[in-house]
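A.B. asks: Data file protein29.txt (compact mmCIF, C-alpha atoms and all ligand atoms) is appended below.
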```
# COMPACT_ATOMS: atom_id res chain seq x y z
CA MET P 1 1.93 3.43 -27.15
CA VAL P 2 2.09 2.04 -23.62
CA ARG P 3 0.89 -1.35 -24.86
CA GLY P 4 3.87 -1.43 -27.20
CA TRP P 5 6.29 -0.61 -24.38
CA LEU P 6 4.90 -3.54 -22.37
CA ALA P 7 5.19 -5.95 -25.31
CA GLY P 8 8.04 -8.38 -25.94
CA PRO P 9 10.66 -9.12 -23.30
CA ALA P 10 10.26 -5.78 -21.50
CA ARG P 11 11.60 -5.28 -18.02
CA VAL P 12 8.75 -3.71 -16.09
CA CYS P 13 8.67 -2.28 -12.58
CA VAL P 14 5.33 -1.27 -11.07
CA LEU P 15 4.69 0.87 -8.00
CA THR P 16 1.18 0.78 -6.58
CA GLY P 17 -0.56 2.83 -3.93
CA SER P 18 -3.90 2.70 -2.22
CA GLY P 19 -5.79 3.96 -5.31
CA VAL P 20 -5.34 0.55 -6.94
CA SER P 21 -7.55 -0.93 -4.20
CA ALA P 22 -10.16 1.85 -4.30
CA GLU P 23 -12.33 -0.15 -6.70
CA SER P 24 -12.23 -3.02 -4.19
CA LYS P 25 -13.95 -0.59 -1.82
CA ILE P 26 -10.93 -0.12 0.39
CA PRO P 27 -10.67 3.60 1.14
CA THR P 28 -7.47 5.25 -0.11
CA PHE P 29 -5.05 6.09 2.69
CA ARG P 30 -5.90 9.76 2.83
CA THR P 31 -9.66 9.15 2.83
CA ALA P 32 -9.53 6.25 5.30
CA VAL P 33 -10.52 8.18 8.40
CA GLU P 34 -13.26 10.27 6.77
CA ASN P 35 -14.76 7.14 5.25
CA GLN P 36 -14.61 5.30 8.52
CA LEU P 37 -16.31 8.14 10.37
CA ASP P 38 -19.11 8.05 7.82
CA THR P 39 -19.72 4.33 8.13
CA HIS P 40 -18.80 3.57 11.71
CA GLN P 41 -20.60 6.11 13.84
CA ASP P 42 -19.39 4.69 17.16
CA ALA P 43 -15.89 5.56 16.08
CA ARG P 44 -16.62 9.24 15.63
CA ALA P 45 -15.80 10.24 19.19
CA LEU P 46 -12.59 8.20 19.18
CA TRP P 47 -11.12 9.30 15.86
CA ALA P 48 -12.69 12.67 15.13
CA ASP P 49 -9.59 14.68 16.02
CA PHE P 50 -7.15 12.51 14.11
CA ASP P 51 -6.06 12.26 10.54
CA PRO P 52 -4.33 9.23 8.97
CA MET P 53 -0.98 11.02 8.89
CA LYS P 54 -1.11 11.25 12.67
CA LEU P 55 -2.52 7.76 13.28
CA ALA P 56 0.21 6.04 11.26
CA THR P 57 2.99 6.83 13.72
CA ALA P 58 4.70 5.14 16.63
CA GLU P 59 3.98 8.28 18.64
CA ALA P 60 0.21 7.87 18.16
CA PHE P 61 0.47 4.22 19.18
CA ALA P 62 2.45 5.10 22.31
CA ALA P 63 0.00 7.86 23.24
CA ASN P 64 -3.18 5.93 22.55
CA PRO P 65 -2.61 2.24 21.67
CA GLU P 66 -6.31 1.44 22.05
CA MET P 67 -7.40 3.97 19.45
CA VAL P 68 -4.65 3.14 16.98
CA THR P 69 -5.14 -0.63 17.18
CA ARG P 70 -8.93 -0.25 16.85
CA TRP P 71 -8.35 1.74 13.64
CA TYR P 72 -5.95 -0.85 12.24
CA ASP P 73 -8.13 -3.78 13.18
CA TRP P 74 -11.16 -2.12 11.55
CA ARG P 75 -9.08 -1.75 8.37
CA ARG P 76 -7.71 -5.33 8.63
CA VAL P 77 -11.23 -6.78 8.72
CA LYS P 78 -12.26 -4.56 5.80
CA CYS P 79 -9.25 -5.78 3.77
CA MET P 80 -10.09 -9.43 4.48
CA ALA P 81 -13.63 -8.89 3.18
CA ALA P 82 -12.45 -7.09 0.03
CA VAL P 83 -12.05 -8.76 -3.35
CA PRO P 84 -9.24 -7.98 -5.84
CA ASN P 85 -10.45 -5.82 -8.74
CA LEU P 86 -9.69 -5.77 -12.47
CA GLY P 87 -6.60 -3.62 -11.89
CA HIS P 88 -5.06 -6.15 -9.49
CA LEU P 89 -5.92 -8.97 -11.90
CA ALA P 90 -4.40 -7.18 -14.90
CA LEU P 91 -1.08 -6.78 -13.05
CA ALA P 92 -1.06 -10.48 -12.13
CA GLU P 93 -1.67 -11.30 -15.79
CA LEU P 94 1.13 -8.97 -16.91
CA GLU P 95 3.58 -10.76 -14.61
CA VAL P 96 2.77 -14.14 -16.17
CA SER P 97 2.89 -12.90 -19.76
CA LEU P 98 6.16 -10.97 -19.34
CA GLU P 99 7.86 -13.94 -17.76
CA ALA P 100 6.64 -16.16 -20.62
CA ARG P 101 8.16 -13.67 -23.09
CA GLY P 102 11.52 -13.54 -21.34
CA GLY P 103 10.91 -10.15 -19.76
CA SER P 104 10.79 -9.35 -16.09
CA PHE P 105 8.22 -7.90 -13.73
CA THR P 106 8.55 -6.53 -10.21
CA LEU P 107 5.58 -5.25 -8.27
CA LEU P 108 6.42 -2.76 -5.53
CA THR P 109 3.41 -1.97 -3.42
CA GLN P 110 2.89 0.58 -0.68
CA ASN P 111 -0.35 -1.21 0.15
CA VAL P 112 -0.73 -3.31 3.26
CA ASP P 113 -3.96 -5.05 2.19
CA GLY P 114 -2.61 -8.23 0.53
CA LEU P 115 -4.90 -7.84 -2.51
CA HIS P 116 -2.13 -8.16 -5.11
CA GLN P 117 -1.16 -11.55 -3.70
CA ARG P 118 -4.81 -12.62 -3.60
CA ALA P 119 -5.15 -11.60 -7.27
CA GLY P 120 -2.32 -14.00 -8.14
CA SER P 121 0.73 -11.72 -8.23
CA ARG P 122 3.67 -13.86 -7.17
CA ASP P 123 6.55 -11.47 -6.70
CA VAL P 124 5.19 -8.67 -4.51
CA VAL P 125 7.51 -6.38 -2.58
CA GLU P 126 5.61 -4.95 0.38
CA LEU P 127 7.34 -1.63 1.03
CA HIS P 128 5.12 -0.65 3.97
CA GLY P 129 4.59 -4.11 5.48
CA SER P 130 1.25 -5.84 5.95
CA ILE P 131 -1.83 -5.18 8.02
CA MET P 132 -2.46 -8.95 8.11
CA THR P 133 0.51 -9.76 10.33
CA TRP P 134 0.98 -8.21 13.76
CA ARG P 135 3.96 -8.51 16.08
CA GLY P 136 5.14 -7.86 19.62
CA VAL P 137 6.32 -4.28 20.11
CA ARG P 138 9.37 -5.38 22.12
CA THR P 139 10.34 -8.81 20.82
CA GLY P 140 8.90 -8.69 17.29
CA ARG P 141 7.42 -12.17 17.76
CA PRO P 142 4.34 -12.92 15.63
CA PHE P 143 0.97 -12.26 17.26
CA GLU P 144 -1.81 -14.70 16.43
CA LEU P 145 -4.82 -12.83 15.06
CA PRO P 146 -8.42 -14.07 14.98
CA GLU P 147 -10.15 -14.33 11.60
CA ASP P 148 -12.70 -11.77 12.69
CA GLU P 149 -12.34 -8.66 14.83
CA LEU P 150 -10.01 -8.48 17.79
CA THR P 151 -11.73 -8.23 21.13
CA ASP P 152 -9.06 -6.56 23.27
CA PHE P 153 -7.57 -3.17 22.43
CA PRO P 154 -4.66 -2.91 22.43
CA PRO P 155 -4.07 -6.63 21.87
CA ALA P 156 -1.44 -8.20 24.15
CA PHE P 157 0.43 -11.47 24.66
CA ASP P 158 -0.19 -13.46 27.86
CA ASP P 159 2.91 -11.90 29.42
CA GLY P 160 1.58 -8.41 28.80
CA GLU P 161 3.69 -7.38 25.78
CA LEU P 162 1.56 -5.29 23.42
CA ALA P 163 1.09 -6.24 19.77
CA ARG P 164 1.10 -3.77 16.87
CA PRO P 165 0.28 -4.05 13.17
CA GLY P 166 3.18 -5.14 10.95
CA VAL P 167 3.11 -1.95 8.92
CA VAL P 168 5.73 0.77 8.43
CA TRP P 169 4.79 3.98 10.18
CA PHE P 170 6.11 7.46 9.41
CA GLY P 171 9.63 7.80 10.75
CA GLU P 172 10.27 4.05 10.63
CA ALA P 173 12.68 2.41 8.20
CA LEU P 174 11.30 0.36 5.33
CA PRO P 175 12.34 -3.33 5.40
CA GLU P 176 15.90 -3.66 4.12
CA THR P 177 15.06 -6.62 1.87
CA ALA P 178 12.19 -4.67 0.28
CA LEU P 179 14.43 -1.67 -0.43
CA VAL P 180 17.18 -3.81 -1.96
CA ALA P 181 14.64 -5.52 -4.26
CA ALA P 182 13.03 -2.18 -5.11
CA PHE P 183 16.25 -0.41 -6.11
CA ALA P 184 17.43 -3.39 -8.17
CA ALA P 185 14.18 -3.39 -10.16
CA ILE P 186 14.00 0.42 -10.51
CA GLU P 187 17.55 0.73 -11.76
CA SER P 188 17.20 -2.01 -14.39
CA CYS P 189 13.68 -1.55 -15.78
CA ASP P 190 12.67 -0.33 -19.25
CA VAL P 191 9.21 0.82 -18.12
CA PHE P 192 8.13 2.10 -14.71
CA LEU P 193 4.40 2.32 -13.92
CA SER P 194 3.21 4.48 -11.01
CA ILE P 195 -0.36 3.46 -10.25
CA GLY P 196 -2.86 4.85 -7.74
CA THR P 197 -0.43 6.69 -5.52
CA SER P 198 -0.41 10.36 -4.56
CA ALA P 199 3.42 10.21 -4.81
CA VAL P 200 3.97 12.20 -1.63
CA VAL P 201 5.36 9.59 0.77
CA TYR P 202 9.09 8.89 0.56
CA PRO P 203 11.10 6.94 -0.33
CA ALA P 204 8.49 5.52 -2.76
CA ALA P 205 7.62 9.02 -4.01
CA GLY P 206 11.14 9.27 -5.45
CA PHE P 207 11.09 5.97 -7.32
CA ALA P 208 9.68 7.30 -10.63
CA ASP P 209 12.38 9.97 -10.87
CA LEU P 210 15.05 7.41 -10.05
CA ALA P 211 13.77 5.06 -12.76
CA HIS P 212 13.77 7.99 -15.22
CA GLN P 213 17.40 8.78 -14.33
CA HIS P 214 18.24 5.16 -15.18
CA GLY P 215 16.60 5.48 -18.60
CA ALA P 216 13.13 4.00 -18.03
CA ARG P 217 9.94 5.28 -19.60
CA ILE P 218 7.53 6.46 -16.91
CA VAL P 219 3.78 5.90 -17.06
CA GLU P 220 1.32 7.13 -14.42
CA VAL P 221 -2.22 5.84 -13.90
CA ASN P 222 -4.30 8.05 -11.61
CA PRO P 223 -7.58 9.95 -11.94
CA GLU P 224 -5.92 12.96 -10.27
CA ALA P 225 -2.70 14.83 -10.99
CA THR P 226 0.17 14.21 -8.58
CA PRO P 227 3.55 15.88 -8.01
CA ILE P 228 5.12 13.63 -10.69
CA THR P 229 2.44 14.03 -13.39
CA GLY P 230 4.25 16.84 -15.16
CA ARG P 231 7.44 14.78 -15.48
CA VAL P 232 6.11 11.40 -16.67
CA ASP P 233 6.22 10.22 -20.30
CA VAL P 234 2.54 9.26 -20.31
CA ALA P 235 -0.13 10.18 -17.75
CA LEU P 236 -3.26 8.06 -18.08
CA ALA P 237 -5.99 9.90 -16.19
CA GLY P 238 -8.54 7.41 -14.91
CA LYS P 239 -9.25 4.53 -12.59
CA SER P 240 -6.72 1.70 -12.59
CA GLY P 241 -9.49 -0.92 -12.76
CA LEU P 242 -10.51 0.52 -16.14
CA ILE P 243 -7.12 1.48 -17.57
CA LEU P 244 -4.89 -1.46 -16.62
CA PRO P 245 -6.92 -4.17 -18.42
CA ARG P 246 -6.73 -1.99 -21.57
CA ILE P 247 -2.97 -1.51 -21.57
CA VAL P 248 -2.10 -5.03 -20.42
CA GLY P 249 -4.52 -7.22 -22.36
C1 LIG P 301 -6.89 6.06 -7.82
C2 LIG P 301 -8.13 5.55 -7.80
C3 LIG P 301 -8.39 4.57 -8.74
C4 LIG P 301 -8.10 7.00 -6.27
N1 LIG P 301 -7.44 4.17 -9.59
N2 LIG P 301 -5.88 5.72 -8.60
C5 LIG P 301 12.07 12.91 1.96
C6 LIG P 301 11.45 14.13 1.90
C7 LIG P 301 10.46 14.47 2.82
C8 LIG P 301 10.07 13.58 3.82
C9 LIG P 301 10.69 12.37 3.88
C10 LIG P 301 11.68 12.04 2.97
N3 LIG P 301 12.11 10.79 3.26
C11 LIG P 301 11.42 10.32 4.32
C12 LIG P 301 10.54 11.27 4.72
C13 LIG P 301 9.59 11.14 5.85
C14 LIG P 301 8.36 10.33 5.53
C15 LIG P 301 7.58 11.01 4.40
O1 LIG P 301 7.62 10.62 3.25
N4 LIG P 301 6.83 12.03 4.73
C16 LIG P 301 6.04 12.74 3.73
C17 LIG P 301 4.61 12.81 4.20
C18 LIG P 301 6.66 14.05 3.43
N5 LIG P 301 8.67 8.95 5.17
C19 LIG P 301 8.89 8.05 6.11
O2 LIG P 301 8.85 8.32 7.30
C20 LIG P 301 9.26 6.64 5.68
N6 LIG P 301 10.38 6.20 6.39
C21 LIG P 301 11.61 6.60 6.11
O3 LIG P 301 11.89 7.25 5.14
O4 LIG P 301 12.52 6.16 7.02
C22 LIG P 301 13.87 6.61 6.96
C23 LIG P 301 14.58 5.92 8.10
C24 LIG P 301 15.77 5.28 7.84
C25 LIG P 301 16.44 4.62 8.88
C26 LIG P 301 15.89 4.61 10.15
C27 LIG P 301 14.68 5.23 10.41
C28 LIG P 301 14.02 5.88 9.37
C29 LIG P 301 8.15 5.66 6.06
C30 LIG P 301 6.90 5.89 5.27
C31 LIG P 301 5.84 4.91 5.76
C32 LIG P 301 4.48 5.24 5.19
N7 LIG P 301 3.51 4.46 5.85
C33 LIG P 301 2.12 4.62 5.45
C34 LIG P 301 1.24 3.91 6.50
C35 LIG P 301 1.28 2.41 6.32
C36 LIG P 301 0.31 1.73 7.23
C37 LIG P 301 -1.12 2.11 6.97
O5 LIG P 301 -1.65 1.86 5.85
O6 LIG P 301 -1.73 2.67 7.87
O7 LIG P 301 1.90 4.07 4.16
S1 LIG P 301 1.64 6.34 5.24
C38 LIG P 301 0.58 6.04 3.88
O8 LIG P 301 1.05 6.72 2.70
C39 LIG P 301 0.63 4.55 3.61
C40 LIG P 301 0.64 4.51 2.12
O9 LIG P 301 1.23 3.32 1.67
C41 LIG P 301 1.44 5.74 1.74
C42 LIG P 301 1.19 6.24 0.36
O10 LIG P 301 -0.13 6.62 0.22
P1 LIG P 301 -0.86 6.32 -1.16
O11 LIG P 301 -0.95 4.88 -1.37
O12 LIG P 301 -0.22 7.12 -2.21
O13 LIG P 301 -2.36 6.80 -0.84
P2 LIG P 301 -3.03 8.24 -0.99
O14 LIG P 301 -4.31 8.17 -0.25
O15 LIG P 301 -2.09 9.33 -0.64
O16 LIG P 301 -3.29 8.41 -2.55
C43 LIG P 301 -4.22 7.61 -3.25
C44 LIG P 301 -4.11 7.95 -4.71
O17 LIG P 301 -4.95 7.07 -5.43
C45 LIG P 301 -4.56 9.38 -5.04
O18 LIG P 301 -3.58 10.00 -5.85
C46 LIG P 301 -5.86 9.16 -5.83
O19 LIG P 301 -6.07 10.14 -6.85
C47 LIG P 301 -5.62 7.80 -6.43
N8 LIG P 301 -6.82 7.04 -6.76
N9 LIG P 301 -8.85 6.19 -6.77
C48 LIG P 301 -6.21 4.77 -9.48
N10 LIG P 301 -9.64 3.99 -8.79
```
Go ahead and render the structure in this file as structure tokens.

C.D. replies:
Amino acid sequence: MVRGWLAGPARVCVLTGSGVSAESKIPTFRTAVENQLDTHQDARALWADFDPMKLATAEAFAANPEMVTRWYDWRRVKCMAAVPNLGHLALAELEVSLEARGGSFTLLTQNVDGLHQRAGSRDVVELHGSIMTWRGVRTGRPFELPEDELTDFPPAFDDGELARPGVVWFGEALPETALVAAFAAIESCDVFLSIGTSAVVYPAAGFADLAHQHGARIVEVNPEATPITGRVDVALAGKSGLILPRIVG
């Protein structure tokens, strides 16, 4: 059924979350700290009392910029070493085939890892920014990152201004351009796919319902149930790296 909805000149809008990168061995957002503590024993003392919800805030950065930037740099290096999986590749393929058929495709991602772009997706809307670009906390100027780990925590410019990851923390506004692109795609799509997201972080958590209100069919791909599972047209329970190649190919 879903394959049929994606056929022809369909207008498709996709929302991805960290589950789509799980098969690339990047921990999902809510398991990121536990996983890190398992694999990075030195970090245990630093991060043991924190959960990702508390680390991803401007307040945490202000209170402990060393700890927060160490966590983000550890994740940045892990993302650089990761390889896109079959789920990322299937979405890149869907973009090409829909455009060839006169349809449209917009990929909205909450992920900051850059794996969709590395898989070949061309039109990626990064709702929560990128972990690969850092900026000055005061001026917003770009901070030049090394290819491997940072050595100073928190990193700073020569004049002392601190640098922070270019991600969107809780309580911060999403980029205006990303929101405009997102709402345009959501309000005009025929099919909306929600893939690998727990659907608890707003505004993205409200996108499936908004697409439904505008007449789209809603499909969810996730091994676990989420708050939207009971309302979607089709819930495909499983890993995106297994399911996406089947519904796209
Ligand atoms: C698999 C799988 C496999 C496993 N295959 N699946 C309305 C109501 C209530 C609260 C709010 C509201 N509107 C705003 C808020 C506040 C807040 C919010 O939503 N809070 C909630 C917690 C309640 N939102 C915000 O603050 C946002 N800002 C905002 O609204 O600003 C308004 C404003 C306007 C003007 C001025 C100022 C402000 C900002 C949200 C930013 C979120 N940022 C983060 C951190 C990014 C950087 C980083 O990575 O560290 O983004 S939080 C975190 O959650 C991260 C993720 O992108 C995001 C979503 O998580 P995701 O991707 O869903 O991951 P998980 O781990 O939760 O789930 C993984 C899923 O994958 C699971 O379901 C698994 O089952 C599944 N999975 N393996 C497929 N192989």

A.B. asks: Identify the residues within 10 Å of coordinate (-2.0, 0.5, 24.2) (same frame as the file), considering only C-alpha atoms, and give the answer as a PDB file with C-alpha atoms, in the coordinates of the input.

C.D. replies:
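Saved as out_23.pdb:
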```
ATOM      1  CA  ALA P  60       0.210   7.870  18.160  1.00  0.00           C
ATOM      2  CA  PHE P  61       0.470   4.220  19.180  1.00  0.00           C
ATOM      3  CA  ALA P  62       2.450   5.100  22.310  1.00  0.00           C
ATOM      4  CA  ALA P  63       0.000   7.860  23.240  1.00  0.00           C
ATOM      5  CA  ASN P  64      -3.180   5.930  22.550  1.00  0.00           C
ATOM      6  CA  PRO P  65      -2.610   2.240  21.670  1.00  0.00           C
ATOM      7  CA  GLU P  66      -6.310   1.440  22.050  1.00  0.00           C
ATOM      8  CA  MET P  67      -7.400   3.970  19.450  1.00  0.00           C
ATOM      9  CA  VAL P  68      -4.650   3.140  16.980  1.00  0.00           C
ATOM     10  CA  THR P  69      -5.140  -0.630  17.180  1.00  0.00           C
ATOM     11  CA  PHE P 153      -7.570  -3.170  22.430  1.00  0.00           C
ATOM     12  CA  PRO P 154      -4.660  -2.910  22.430  1.00  0.00           C
ATOM     13  CA  PRO P 155      -4.070  -6.630  21.870  1.00  0.00           C
ATOM     14  CA  ALA P 156      -1.440  -8.200  24.150  1.00  0.00           C
ATOM     15  CA  GLU P 161       3.690  -7.380  25.780  1.00  0.00           C
ATOM     16  CA  LEU P 162       1.560  -5.290  23.420  1.00  0.00           C
ATOM     17  CA  ALA P 163       1.090  -6.240  19.770  1.00  0.00           C
ATOM     18  CA  ARG P 164       1.100  -3.770  16.870  1.00  0.00           C
TER      19      ARG P 164
END
```

A.B. asks: What is the CA of Leu86 (chain P)-CA of Val12 (chain P) distance in Å, reported with one decimal?

C.D. replies: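 If I compute the distance from CA of Leu86 (chain P) to CA of Val12 (chain P), I get 18.9 Å.
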
A.B. asks: Residues near region 14-24 of chain P, anyone? I mean within 7 Å using only C-alpha atoms, not counting same-chain ones fewer than 5 positions away, as a list in words.

C.D. replies: Phe29, Ala82, Val83, Pro84, Asn85, Gly87, Thr106, Leu107, Leu108, Thr109, Gln110, Asn111, Phe192, Leu193, Ser194, Ile195, Gly196, Thr197, Ser240 and Gly241 of chain P

A.B. asks: One decimal, Å: what's the distance from atom O5 of ligand LIG 301 (chain P) over to CA of Trp169 (chain P), could you say?

C.D. replies: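 Between these atoms lies a distance of 8.0 Å.
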
A.B. asks: How many Å lie between CA of Gln213 (chain P) and CA of Ile186 (chain P), rounded to one decimal?

C.D. replies: 9.8 Å

A.B. asks: Return the single residue from P:Leu115, P:His214, P:Val200, P:Ala205 that is closest to Ser130 (chain P), with distances computed using only C-alpha atoms.

C.D. replies: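 The closest residue to Ser130 (chain P) is P:Leu115.
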
A.B. asks: Which residue is closest to Glu220 (chain P)? Choose from P:Val180, P:Ala92, P:Ala208, P:Leu145 and count only C-alpha atoms.

C.D. replies: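 Looking only at the distances to Glu220 (chain P), the closest residue turns out to be P:Ala208.
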
A.B. asks: As lines of an AutoDock Vina configuration file, what would the box around region 14-30 of chain P look like: edges along x, y and z, 3 Å added on every side, centre and edge lengths in Å to one decimal?

C.D. replies:
```
center_x = -4.3
center_y = 3.4
center_z = -4.1
size_x = 25.3
size_y = 18.8
size_z = 19.9
```

A.B. asks: Calculated over only C-alpha atoms, which of the candidates P:Ala56, P:Val124, P:Met132, P:Val234 has the smallest distance to Val77 (chain P)?

C.D. replies: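 Result for the nearest residue to Val77 (chain P): P:Met132.
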
A.B. asks: When you look at Ala235 (chain P) with a cut-off of 10 Å (counting all atoms listed in the file), what residues show up, excluding the ones that are within fewer than 4 positions of it in the same chain? I need them as a list in words.

C.D. replies: Leu193, Ser194, Ile218, Val219, Glu220, Val221, Asn222, Pro223, Glu224, Ala225, Ile228, Thr229, Gly230 and Arg231 of chain P

A.B. asks: Using only C-alpha atoms, which residues sit within 12 Å of Glu149 (chain P) once same-chain residues fewer than 6 positions away are excluded, as a list in words?

C.D. replies: Thr69, Arg70, Trp71, Tyr72, Asp73, Trp74, Arg75, Arg76, Val77, Lys78, Cys79, Met80, Ala81, Met132 and Pro155 of chain P

A.B. asks: Those residues with C-alpha atoms, as a CSV table (one decimal), keeping the file's coordinate frame please?

C.D. replies:
```
chain,number,residue,atom,x,y,z
P,69,THR,CA,-5.1,-0.6,17.2
P,70,ARG,CA,-8.9,-0.2,16.8
P,71,TRP,CA,-8.4,1.7,13.6
P,72,TYR,CA,-6.0,-0.8,12.2
P,73,ASP,CA,-8.1,-3.8,13.2
P,74,TRP,CA,-11.2,-2.1,11.6
P,75,ARG,CA,-9.1,-1.8,8.4
P,76,ARG,CA,-7.7,-5.3,8.6
P,77,VAL,CA,-11.2,-6.8,8.7
P,78,LYS,CA,-12.3,-4.6,5.8
P,79,CYS,CA,-9.2,-5.8,3.8
P,80,MET,CA,-10.1,-9.4,4.5
P,81,ALA,CA,-13.6,-8.9,3.2
P,132,MET,CA,-2.5,-9.0,8.1
P,155,PRO,CA,-4.1,-6.6,21.9
```

A.B. asks: What lies within 10 Å of Leu179 (chain P) using only C-alpha atoms, ignoring chain neighbours under 3 positions off, as a list in words?

C.D. replies: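 My reading of the contact set: Leu108, Val125, Glu126, Leu127, Ala173, Leu174, Pro175, Glu176, Ala182, Phe183, Ala184, Ala185, Pro203 and Ala204 of chain P.
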
A.B. asks: Between P:Ile247, P:Met53, P:Leu236, P:Ala178, which is the closest to ligand LIG 301 (chain P) once you count only C-alpha atoms and all ligand atoms?

C.D. replies: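 Ranked by minimum distance to ligand LIG 301 (chain P), first place goes to P:Met53.
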